[in-house]
Amino acid sequence: HMNPMTVGRLPELATSGFPIFGIFSWYLDVASETDDTAATCTDLRSQEFRAVLKHHLHAIPSSVPTTKAWEYVFDAQKAGCLAGEIAATLVLVLNEMSSSRSKTRSTYLLERAEALIRRKELTASWLGGLQRNWMVWDILNAISRIHRTQQPAPDSEVAPPLNTCIILIYTFPTKRIEEDMKEFLKVLQKNYYEPLQAKHPLIVFTDQTTSETLVESLQPFFSGEIVPAVIPEEELTRDMPSY
């Protein structure tokens, strides 16, 4: 069976300029040897993310929310859904390449996705299930297209990378939310800041009372700068008839 993983590594294939993933996706659509039951996950979180994935990837422009992808990476790990974790990781690559010229994070995430794919034997059933159930090869094809469009013309100046930050909303936290936030920061530190040596700050929109102890309570779990951004009282008390 056709297997692009025998040609090279994902970071090189995604930036080669050759539409190998699009060809492989087309091949899977017409191949009869793939199994629709492969790479399935039946837990609720996986079903929800698959629905989000299919909705946004078929929309124009294709853009699955980054927060949804990050949340599901952790959910997939807990549920043992390897295929879903692969898809969510590639969505993060897609969004990273869509919004930044920095290659460090996207290369790391592509290498992570490749390692996950190779955890299983590269059978036609497994590779086909990744496409039929999670559109993995479609996502990789989109990543490859973005790379081609971002290549600078000869002798043109490349713009410097934009300053970036991570934004969180954290108001009137309960004890449970406080504990969840600490766990989230530990995971963010382990899977993102440490391997990528990230430096951008964490901007936390919060209420006045929480802001007074925010850095003291959260900094032990996070290496980056934590910057409180106090939401005005009138905005916190604004009437909100629906979510």
# chains A, B, ... in the order shown; residues from 1 in each chain; ligands from 1
>>> residues_around(residues="Ser217 of chain A", least_positions_apart="5", cutoff="12 Å", atoms="only C-alpha atoms", output="mmCIF file with N, CA, C and O atoms, in the first residue's frame")
data_model
loop_
_atom_site.group_PDB
_atom_site.id
_atom_site.type_symbol
_atom_site.label_atom_id
_atom_site.label_comp_id
_atom_site.auth_asym_id
_atom_site.auth_seq_id
_atom_site.Cartn_x
_atom_site.Cartn_y
_atom_site.Cartn_z
ATOM 1 N N GLU A 178 -9.122 27.128 40.759
ATOM 2 C CA GLU A 178 -7.728 27.418 41.106
ATOM 3 C C GLU A 178 -6.847 26.191 40.892
ATOM 4 O O GLU A 178 -5.746 26.287 40.335
ATOM 5 N N GLU A 179 -7.331 25.038 41.350
ATOM 6 C CA GLU A 179 -6.561 23.809 41.173
ATOM 7 C C GLU A 179 -6.443 23.424 39.706
ATOM 8 O O GLU A 179 -5.385 22.981 39.239
ATOM 9 N N MET A 181 -6.446 25.487 37.191
ATOM 10 C CA MET A 181 -5.524 26.434 36.576
ATOM 11 C C MET A 181 -4.071 26.022 36.830
ATOM 12 O O MET A 181 -3.218 26.054 35.923
ATOM 13 N N LYS A 182 -3.782 25.591 38.033
ATOM 14 C CA LYS A 182 -2.416 25.159 38.359
ATOM 15 C C LYS A 182 -2.021 23.932 37.531
ATOM 16 O O LYS A 182 -0.901 23.840 37.034
ATOM 17 N N LEU A 185 -1.318 25.067 33.969
ATOM 18 C CA LEU A 185 -0.018 25.712 33.827
ATOM 19 C C LEU A 185 1.120 24.691 33.847
ATOM 20 O O LEU A 185 2.108 24.841 33.132
ATOM 21 N N THR A 210 -8.693 39.115 42.570
ATOM 22 C CA THR A 210 -7.837 38.011 42.147
ATOM 23 C C THR A 210 -6.486 38.506 41.652
ATOM 24 O O THR A 210 -5.455 37.858 41.872
ATOM 25 N N SER A 211 -6.462 39.680 41.018
ATOM 26 C CA SER A 211 -5.220 40.208 40.457
ATOM 27 C C SER A 211 -4.169 40.486 41.526
ATOM 28 O O SER A 211 -2.964 40.421 41.256
ATOM 29 N N GLU A 212 -4.624 40.777 42.756
ATOM 30 C CA GLU A 212 -3.690 41.161 43.817
ATOM 31 C C GLU A 212 -2.785 40.014 44.254
ATOM 32 O O GLU A 212 -1.680 40.239 44.759
ATOM 33 N N PHE A 222 4.887 28.036 36.643
ATOM 34 C CA PHE A 222 5.022 28.548 35.285
ATOM 35 C C PHE A 222 6.275 29.400 35.186
ATOM 36 O O PHE A 222 6.535 30.243 36.037
ATOM 37 N N ILE A 226 3.850 36.350 34.089
ATOM 38 C CA ILE A 226 2.391 36.410 34.265
ATOM 39 C C ILE A 226 2.003 37.869 34.460
ATOM 40 O O ILE A 226 2.471 38.528 35.389
#
>>> closest_atom_pairs(of="segment 62-127 of chain A", to="segment 131-149 of chain A", cutoff="9 Å", atoms="only C-alpha atoms", output="Markdown table")
| residue | atom | partner | partner_atom | distance |
| --- | --- | --- | --- | --- |
| A:Ser62 | CA | A:Ala142 | CA | 8.6 |
| A:Ala83 | CA | A:Trp134 | CA | 7.2 |
| A:Gly84 | CA | A:Trp134 | CA | 6.8 |
| A:Ile86 | CA | A:Val136 | CA | 7.6 |
| A:Ala87 | CA | A:Val136 | CA | 5.6 |
| A:Leu90 | CA | A:Ile139 | CA | 6.7 |
| A:Val91 | CA | A:Ile139 | CA | 6.9 |
| A:Val93 | CA | A:Ile143 | CA | 7.3 |
| A:Leu94 | CA | A:Ile143 | CA | 5.3 |
| A:Asn95 | CA | A:Ile143 | CA | 8.8 |
| A:Met97 | CA | A:Ile146 | CA | 7.0 |
| A:Ser98 | CA | A:Ile146 | CA | 6.8 |
| A:Trp126 | CA | A:Gln131 | CA | 9.0 |
| A:Leu127 | CA | A:Gln131 | CA | 6.8 |
>>> write_last_selection(atoms="N, CA, C and O atoms", output="PDB file, in the first residue's frame")
ATOM      1  N   SER A  62     -10.201  27.544   6.430  1.00  0.00           N
ATOM      2  CA  SER A  62     -10.159  26.418   7.347  1.00  0.00           C
ATOM      3  C   SER A  62      -9.423  26.829   8.615  1.00  0.00           C
ATOM      4  O   SER A  62      -8.259  27.181   8.563  1.00  0.00           O
ATOM      5  N   ALA A  83      -5.156   8.644  17.776  1.00  0.00           N
ATOM      6  CA  ALA A  83      -5.473   9.287  16.492  1.00  0.00           C
ATOM      7  C   ALA A  83      -5.979  10.707  16.696  1.00  0.00           C
ATOM      8  O   ALA A  83      -5.623  11.628  15.951  1.00  0.00           O
ATOM      9  N   GLY A  84      -6.812  10.901  17.707  1.00  0.00           N
ATOM     10  CA  GLY A  84      -7.322  12.240  17.989  1.00  0.00           C
ATOM     11  C   GLY A  84      -6.225  13.188  18.429  1.00  0.00           C
ATOM     12  O   GLY A  84      -6.213  14.371  18.047  1.00  0.00           O
ATOM     13  N   ILE A  86      -3.135  13.036  17.514  1.00  0.00           N
ATOM     14  CA  ILE A  86      -2.383  13.367  16.293  1.00  0.00           C
ATOM     15  C   ILE A  86      -3.083  14.492  15.533  1.00  0.00           C
ATOM     16  O   ILE A  86      -2.450  15.479  15.126  1.00  0.00           O
ATOM     17  N   ALA A  87      -4.382  14.360  15.334  1.00  0.00           N
ATOM     18  CA  ALA A  87      -5.132  15.372  14.583  1.00  0.00           C
ATOM     19  C   ALA A  87      -5.069  16.726  15.270  1.00  0.00           C
ATOM     20  O   ALA A  87      -4.842  17.762  14.628  1.00  0.00           O
ATOM     21  N   LEU A  90      -1.686  18.370  14.877  1.00  0.00           N
ATOM     22  CA  LEU A  90      -1.507  18.934  13.535  1.00  0.00           C
ATOM     23  C   LEU A  90      -2.329  20.195  13.327  1.00  0.00           C
ATOM     24  O   LEU A  90      -1.918  21.097  12.581  1.00  0.00           O
ATOM     25  N   VAL A  91      -3.480  20.278  13.980  1.00  0.00           N
ATOM     26  CA  VAL A  91      -4.262  21.520  13.924  1.00  0.00           C
ATOM     27  C   VAL A  91      -3.457  22.672  14.532  1.00  0.00           C
ATOM     28  O   VAL A  91      -3.469  23.798  14.020  1.00  0.00           O
ATOM     29  N   VAL A  93      -0.246  22.923  14.515  1.00  0.00           N
ATOM     30  CA  VAL A  93       0.751  23.279  13.492  1.00  0.00           C
ATOM     31  C   VAL A  93       0.114  24.170  12.436  1.00  0.00           C
ATOM     32  O   VAL A  93       0.675  25.208  12.037  1.00  0.00           O
ATOM     33  N   LEU A  94      -1.062  23.784  11.974  1.00  0.00           N
ATOM     34  CA  LEU A  94      -1.768  24.548  10.936  1.00  0.00           C
ATOM     35  C   LEU A  94      -2.027  25.979  11.388  1.00  0.00           C
ATOM     36  O   LEU A  94      -1.768  26.936  10.653  1.00  0.00           O
ATOM     37  N   ASN A  95      -2.505  26.133  12.615  1.00  0.00           N
ATOM     38  CA  ASN A  95      -2.797  27.472  13.128  1.00  0.00           C
ATOM     39  C   ASN A  95      -1.520  28.270  13.358  1.00  0.00           C
ATOM     40  O   ASN A  95      -1.475  29.485  13.124  1.00  0.00           O
ATOM     41  N   MET A  97       1.324  27.990  11.687  1.00  0.00           N
ATOM     42  CA  MET A  97       1.865  28.418  10.403  1.00  0.00           C
ATOM     43  C   MET A  97       0.986  29.474   9.741  1.00  0.00           C
ATOM     44  O   MET A  97       1.475  30.281   8.948  1.00  0.00           O
ATOM     45  N   SER A  98      -0.302  29.480  10.076  1.00  0.00           N
ATOM     46  CA  SER A  98      -1.212  30.463   9.492  1.00  0.00           C
ATOM     47  C   SER A  98      -0.996  31.856  10.077  1.00  0.00           C
ATOM     48  O   SER A  98      -1.328  32.858   9.450  1.00  0.00           O
ATOM     49  N   TRP A 126      -4.432   1.606   9.558  1.00  0.00           N
ATOM     50  CA  TRP A 126      -4.120   2.708  10.477  1.00  0.00           C
ATOM     51  C   TRP A 126      -3.988   4.034   9.727  1.00  0.00           C
ATOM     52  O   TRP A 126      -4.608   5.037  10.104  1.00  0.00           O
ATOM     53  N   LEU A 127      -3.227   4.049   8.644  1.00  0.00           N
ATOM     54  CA  LEU A 127      -3.041   5.289   7.891  1.00  0.00           C
ATOM     55  C   LEU A 127      -4.346   5.751   7.255  1.00  0.00           C
ATOM     56  O   LEU A 127      -4.635   6.947   7.191  1.00  0.00           O
TER      57      LEU A 127
END
>>> residues_around(residues="Gln197 of chain A", least_positions_apart="3", cutoff="12 Å", atoms="only C-alpha atoms", output="list in words")
Thr104, Arg105, Tyr108, Leu188, Gln189, Lys190, Asn191, Tyr192, Tyr193, Glu194, His200, Ser223 and Gly224 of chain A
>>> write_last_selection(atoms="N, CA, C and O atoms", output="PDB file, in the first residue's frame")
ATOM      1  N   THR A 104      10.056  27.365  14.678  1.00  0.00           N
ATOM      2  CA  THR A 104      10.462  26.529  15.806  1.00  0.00           C
ATOM      3  C   THR A 104       9.307  25.721  16.369  1.00  0.00           C
ATOM      4  O   THR A 104       9.393  24.498  16.530  1.00  0.00           O
ATOM      5  N   ARG A 105       8.192  26.396  16.672  1.00  0.00           N
ATOM      6  CA  ARG A 105       7.061  25.699  17.294  1.00  0.00           C
ATOM      7  C   ARG A 105       6.420  24.713  16.325  1.00  0.00           C
ATOM      8  O   ARG A 105       6.086  23.587  16.709  1.00  0.00           O
ATOM      9  N   TYR A 108       8.597  21.576  15.925  1.00  0.00           N
ATOM     10  CA  TYR A 108       8.503  20.721  17.117  1.00  0.00           C
ATOM     11  C   TYR A 108       7.191  19.933  17.120  1.00  0.00           C
ATOM     12  O   TYR A 108       7.166  18.723  17.384  1.00  0.00           O
ATOM     13  N   LEU A 188       1.093  23.159  30.388  1.00  0.00           N
ATOM     14  CA  LEU A 188       1.588  24.145  29.431  1.00  0.00           C
ATOM     15  C   LEU A 188       3.102  24.284  29.544  1.00  0.00           C
ATOM     16  O   LEU A 188       3.811  24.358  28.527  1.00  0.00           O
ATOM     17  N   GLN A 189       3.585  24.297  30.759  1.00  0.00           N
ATOM     18  CA  GLN A 189       5.022  24.411  31.000  1.00  0.00           C
ATOM     19  C   GLN A 189       5.768  23.203  30.440  1.00  0.00           C
ATOM     20  O   GLN A 189       6.783  23.338  29.749  1.00  0.00           O
ATOM     21  N   LYS A 190       5.241  22.006  30.708  1.00  0.00           N
ATOM     22  CA  LYS A 190       5.905  20.770  30.313  1.00  0.00           C
ATOM     23  C   LYS A 190       5.878  20.546  28.806  1.00  0.00           C
ATOM     24  O   LYS A 190       6.881  20.134  28.209  1.00  0.00           O
ATOM     25  N   ASN A 191       4.737  20.815  28.159  1.00  0.00           N
ATOM     26  CA  ASN A 191       4.553  20.460  26.753  1.00  0.00           C
ATOM     27  C   ASN A 191       4.802  21.593  25.769  1.00  0.00           C
ATOM     28  O   ASN A 191       4.873  21.357  24.565  1.00  0.00           O
ATOM     29  N   TYR A 192       4.941  22.812  26.280  1.00  0.00           N
ATOM     30  CA  TYR A 192       5.068  23.943  25.355  1.00  0.00           C
ATOM     31  C   TYR A 192       6.267  24.832  25.699  1.00  0.00           C
ATOM     32  O   TYR A 192       7.188  24.971  24.903  1.00  0.00           O
ATOM     33  N   TYR A 193       6.282  25.383  26.909  1.00  0.00           N
ATOM     34  CA  TYR A 193       7.329  26.345  27.254  1.00  0.00           C
ATOM     35  C   TYR A 193       8.711  25.691  27.373  1.00  0.00           C
ATOM     36  O   TYR A 193       9.699  26.237  26.880  1.00  0.00           O
ATOM     37  N   GLU A 194       8.800  24.555  28.028  1.00  0.00           N
ATOM     38  CA  GLU A 194      10.112  23.921  28.204  1.00  0.00           C
ATOM     39  C   GLU A 194      10.692  23.392  26.889  1.00  0.00           C
ATOM     40  O   GLU A 194      11.824  23.732  26.546  1.00  0.00           O
ATOM     41  N   HIS A 200       7.208  34.143  25.568  1.00  0.00           N
ATOM     42  CA  HIS A 200       6.132  35.132  25.561  1.00  0.00           C
ATOM     43  C   HIS A 200       5.293  35.069  26.833  1.00  0.00           C
ATOM     44  O   HIS A 200       5.133  34.015  27.442  1.00  0.00           O
ATOM     45  N   SER A 223       7.076  29.186  34.131  1.00  0.00           N
ATOM     46  CA  SER A 223       8.342  29.906  34.003  1.00  0.00           C
ATOM     47  C   SER A 223       8.207  31.260  33.313  1.00  0.00           C
ATOM     48  O   SER A 223       9.063  32.130  33.475  1.00  0.00           O
ATOM     49  N   GLY A 224       7.145  31.443  32.529  1.00  0.00           N
ATOM     50  CA  GLY A 224       6.976  32.699  31.802  1.00  0.00           C
ATOM     51  C   GLY A 224       6.457  33.821  32.689  1.00  0.00           C
ATOM     52  O   GLY A 224       6.074  33.616  33.844  1.00  0.00           O
TER      53      GLY A 224
END
>>> residues_around(residues="Thr66 of chain A", least_positions_apart="2", cutoff="8 Å", atoms="only C-alpha atoms", output="mmCIF file with N, CA and C atoms, in the first residue's frame")
data_model
loop_
_atom_site.group_PDB
_atom_site.id
_atom_site.type_symbol
_atom_site.label_atom_id
_atom_site.label_comp_id
_atom_site.auth_asym_id
_atom_site.auth_seq_id
_atom_site.Cartn_x
_atom_site.Cartn_y
_atom_site.Cartn_z
ATOM 1 N N VAL A 64 -9.635 25.570 12.759
ATOM 2 C CA VAL A 64 -10.142 25.024 14.004
ATOM 3 C C VAL A 64 -9.586 25.886 15.133
ATOM 4 N N LYS A 68 -9.550 25.049 21.310
ATOM 5 C CA LYS A 68 -10.201 23.736 21.217
ATOM 6 C C LYS A 68 -9.175 22.630 20.991
ATOM 7 N N ALA A 69 -8.202 22.926 20.126
ATOM 8 C CA ALA A 69 -7.181 21.927 19.827
ATOM 9 C C ALA A 69 -6.322 21.627 21.051
ATOM 10 N N TRP A 70 -5.899 22.686 21.767
ATOM 11 C CA TRP A 70 -5.083 22.466 22.970
ATOM 12 C C TRP A 70 -5.855 21.672 24.013
ATOM 13 N N VAL A 91 -3.480 20.278 13.980
ATOM 14 C CA VAL A 91 -4.262 21.520 13.924
ATOM 15 C C VAL A 91 -3.457 22.672 14.532
ATOM 16 N N LEU A 92 -2.748 22.394 15.614
ATOM 17 C CA LEU A 92 -1.902 23.418 16.230
ATOM 18 C C LEU A 92 -0.807 23.866 15.270
ATOM 19 N N ASN A 95 -2.505 26.133 12.615
ATOM 20 C CA ASN A 95 -2.797 27.472 13.128
ATOM 21 C C ASN A 95 -1.520 28.270 13.358
#
>>> select_by_dssp(residues="segment 166-195 of chain A", states="strand (DSSP E)", output="PyMOL selection string")
chain A and resi 166-169
>>> residues_around(residues="Glu85 of chain A", least_positions_apart="6", cutoff="9 Å", atoms="only C-alpha atoms", output="ChimeraX atom specification")
/A:69,72-77,113,116
>>> write_last_selection(atoms="all heavy atoms", output="short mmCIF file (atom, residue, chain, number, x, y, z; two decimals), in the first residue's frame")
data_model
loop_
_atom_site.label_atom_id
_atom_site.label_comp_id
_atom_site.auth_asym_id
_atom_site.auth_seq_id
_atom_site.Cartn_x
_atom_site.Cartn_y
_atom_site.Cartn_z
N ALA A 69 -8.20 22.93 20.13
CA ALA A 69 -7.18 21.93 19.83
C ALA A 69 -6.32 21.63 21.05
O ALA A 69 -6.04 20.47 21.36
CB ALA A 69 -6.30 22.41 18.67
N TYR A 72 -8.26 19.61 23.56
CA TYR A 72 -8.48 18.22 23.17
C TYR A 72 -7.18 17.41 23.19
O TYR A 72 -7.24 16.19 23.39
CB TYR A 72 -9.14 18.12 21.80
CG TYR A 72 -9.38 16.68 21.43
CD1 TYR A 72 -10.25 15.89 22.19
CD2 TYR A 72 -8.66 16.07 20.40
CE1 TYR A 72 -10.43 14.54 21.90
CE2 TYR A 72 -8.84 14.73 20.11
CZ TYR A 72 -9.72 13.97 20.87
OH TYR A 72 -9.87 12.65 20.61
N VAL A 73 -6.03 18.02 22.98
CA VAL A 73 -4.77 17.28 23.11
C VAL A 73 -4.71 16.62 24.49
O VAL A 73 -4.39 15.44 24.63
CB VAL A 73 -3.56 18.22 22.91
CG1 VAL A 73 -2.28 17.55 23.42
CG2 VAL A 73 -3.39 18.57 21.44
N PHE A 74 -5.06 17.40 25.52
CA PHE A 74 -5.02 16.86 26.88
C PHE A 74 -6.13 15.84 27.10
O PHE A 74 -5.92 14.79 27.73
CB PHE A 74 -5.14 18.00 27.89
CG PHE A 74 -4.12 19.10 27.68
CD1 PHE A 74 -4.49 20.44 27.74
CD2 PHE A 74 -2.81 18.79 27.39
CE1 PHE A 74 -3.56 21.44 27.53
CE2 PHE A 74 -1.86 19.79 27.18
CZ PHE A 74 -2.24 21.12 27.26
N ASP A 75 -7.32 16.12 26.55
CA ASP A 75 -8.44 15.17 26.68
C ASP A 75 -8.11 13.85 25.99
O ASP A 75 -8.43 12.76 26.50
CB ASP A 75 -9.72 15.76 26.07
CG ASP A 75 -10.28 16.90 26.90
OD1 ASP A 75 -9.99 16.94 28.11
OD2 ASP A 75 -11.01 17.74 26.34
N ALA A 76 -7.49 13.93 24.81
CA ALA A 76 -7.15 12.72 24.05
C ALA A 76 -6.11 11.88 24.79
O ALA A 76 -6.18 10.64 24.80
CB ALA A 76 -6.63 13.09 22.66
N GLN A 77 -5.16 12.55 25.42
CA GLN A 77 -4.16 11.82 26.20
C GLN A 77 -4.81 11.06 27.34
O GLN A 77 -4.49 9.90 27.61
CB GLN A 77 -3.10 12.79 26.73
CG GLN A 77 -2.21 13.37 25.65
CD GLN A 77 -1.28 14.45 26.19
OE1 GLN A 77 -1.38 14.89 27.33
NE2 GLN A 77 -0.36 14.89 25.34
N ALA A 113 3.87 15.01 16.19
CA ALA A 113 2.82 14.28 15.47
C ALA A 113 3.38 13.04 14.78
O ALA A 113 2.76 11.97 14.79
CB ALA A 113 2.16 15.21 14.45
N LEU A 116 3.91 10.27 17.23
CA LEU A 116 2.63 9.66 17.60
C LEU A 116 2.14 8.70 16.51
O LEU A 116 1.65 7.61 16.81
CB LEU A 116 1.58 10.75 17.86
CG LEU A 116 1.81 11.64 19.08
CD1 LEU A 116 0.80 12.78 19.09
CD2 LEU A 116 1.73 10.85 20.37
#
>>> select_by_dssp(residues="segment 24-189 of chain A", states="alpha helix (DSSP H)", output="ChimeraX atom specification")
/A:24-30,44-57,66-79,82-99,104-117,124-134,136-150,175-188
>>> atom_distance(atom1="atom CA of Glu114 of chain A", atom2="atom CA of Gly8 of chain A")
10.6 Å
>>> closest_residue(among="A:Ile177, A:Ala124, A:Ile117, A:Ala79", to="Gln47 of chain A", atoms="only C-alpha atoms")
A:Ala79
>>> residues_around(residues="Thr206 of chain A", least_positions_apart="2", cutoff="9 Å", atoms="only C-alpha atoms", output="ChimeraX atom specification")
/A:168-172,204,208-211,214,228-231
>>> decode(residues="segment 105-175 of chain A", atoms="C-alpha atoms", output="compact mmCIF listing (two decimals), in the first residue's frame")
# COMPACT_ATOMS: atom_id res chain seq x y z
CA ARG A 105 7.06 25.70 17.29
CA SER A 106 5.58 24.23 14.12
CA THR A 107 8.63 21.99 13.54
CA TYR A 108 8.50 20.72 17.12
CA LEU A 109 4.79 19.94 16.82
CA LEU A 110 5.26 18.20 13.46
CA GLU A 111 7.96 16.02 15.00
CA ARG A 112 5.61 15.28 17.88
CA ALA A 113 2.82 14.28 15.47
CA GLU A 114 5.18 12.01 13.52
CA ALA A 115 6.28 10.26 16.72
CA LEU A 116 2.63 9.66 17.60
CA ILE A 117 1.81 8.26 14.14
CA ARG A 118 4.76 5.87 14.36
CA ARG A 119 3.62 4.47 17.71
CA LYS A 120 1.53 2.03 15.69
CA GLU A 121 2.51 -0.19 12.79
CA LEU A 122 2.10 1.81 9.58
CA THR A 123 -0.59 -0.43 8.09
CA ALA A 124 -3.08 0.62 5.41
CA SER A 125 -5.83 0.33 8.03
CA TRP A 126 -4.12 2.71 10.48
CA LEU A 127 -3.04 5.29 7.89
CA GLY A 128 -6.44 5.16 6.19
CA GLY A 129 -8.30 5.47 9.48
CA LEU A 130 -6.33 8.61 10.32
CA GLN A 131 -7.76 10.20 7.17
CA ARG A 132 -11.29 8.81 7.13
CA ASN A 133 -11.95 9.50 10.80
CA TRP A 134 -9.65 12.45 11.57
CA MET A 135 -8.67 13.98 8.18
CA VAL A 136 -5.02 13.87 9.21
CA TRP A 137 -3.67 13.87 5.66
CA ASP A 138 -6.00 16.71 4.67
CA ILE A 139 -4.61 18.75 7.56
CA LEU A 140 -1.05 17.96 6.50
CA ASN A 141 -1.92 18.96 2.94
CA ALA A 142 -3.23 22.30 4.23
CA ILE A 143 0.00 22.79 6.21
CA SER A 144 2.01 22.11 3.05
CA ARG A 145 -0.06 24.63 1.04
CA ILE A 146 0.43 27.32 3.67
CA HIS A 147 4.18 26.76 3.63
CA ARG A 148 4.27 27.18 -0.16
CA THR A 149 2.35 30.46 -0.01
CA GLN A 150 4.62 31.86 2.71
CA GLN A 151 7.87 31.44 0.82
CA PRO A 152 9.42 34.88 0.20
CA ALA A 153 10.18 35.99 -3.33
CA PRO A 154 13.88 36.05 -4.26
CA ASP A 155 15.79 38.96 -2.70
CA SER A 156 12.72 40.07 -0.73
CA GLU A 157 12.98 41.04 2.90
CA VAL A 158 11.43 38.67 5.42
CA ALA A 159 9.39 40.45 8.07
CA PRO A 160 10.51 39.84 11.67
CA PRO A 161 8.24 37.62 13.79
CA LEU A 162 5.43 39.37 15.62
CA ASN A 163 5.43 39.69 19.38
CA THR A 164 3.15 37.04 20.81
CA CYS A 165 1.42 36.24 24.07
CA ILE A 166 -1.09 33.81 25.54
CA ILE A 167 -4.36 35.26 26.82
CA LEU A 168 -6.45 33.71 29.60
CA ILE A 169 -9.71 34.69 31.28
CA TYR A 170 -9.57 33.92 35.01
CA THR A 171 -12.17 35.73 37.10
CA PHE A 172 -13.60 34.99 40.56
CA PRO A 173 -12.00 31.52 40.65
CA THR A 174 -13.40 28.86 42.97
CA LYS A 175 -11.07 26.42 44.75
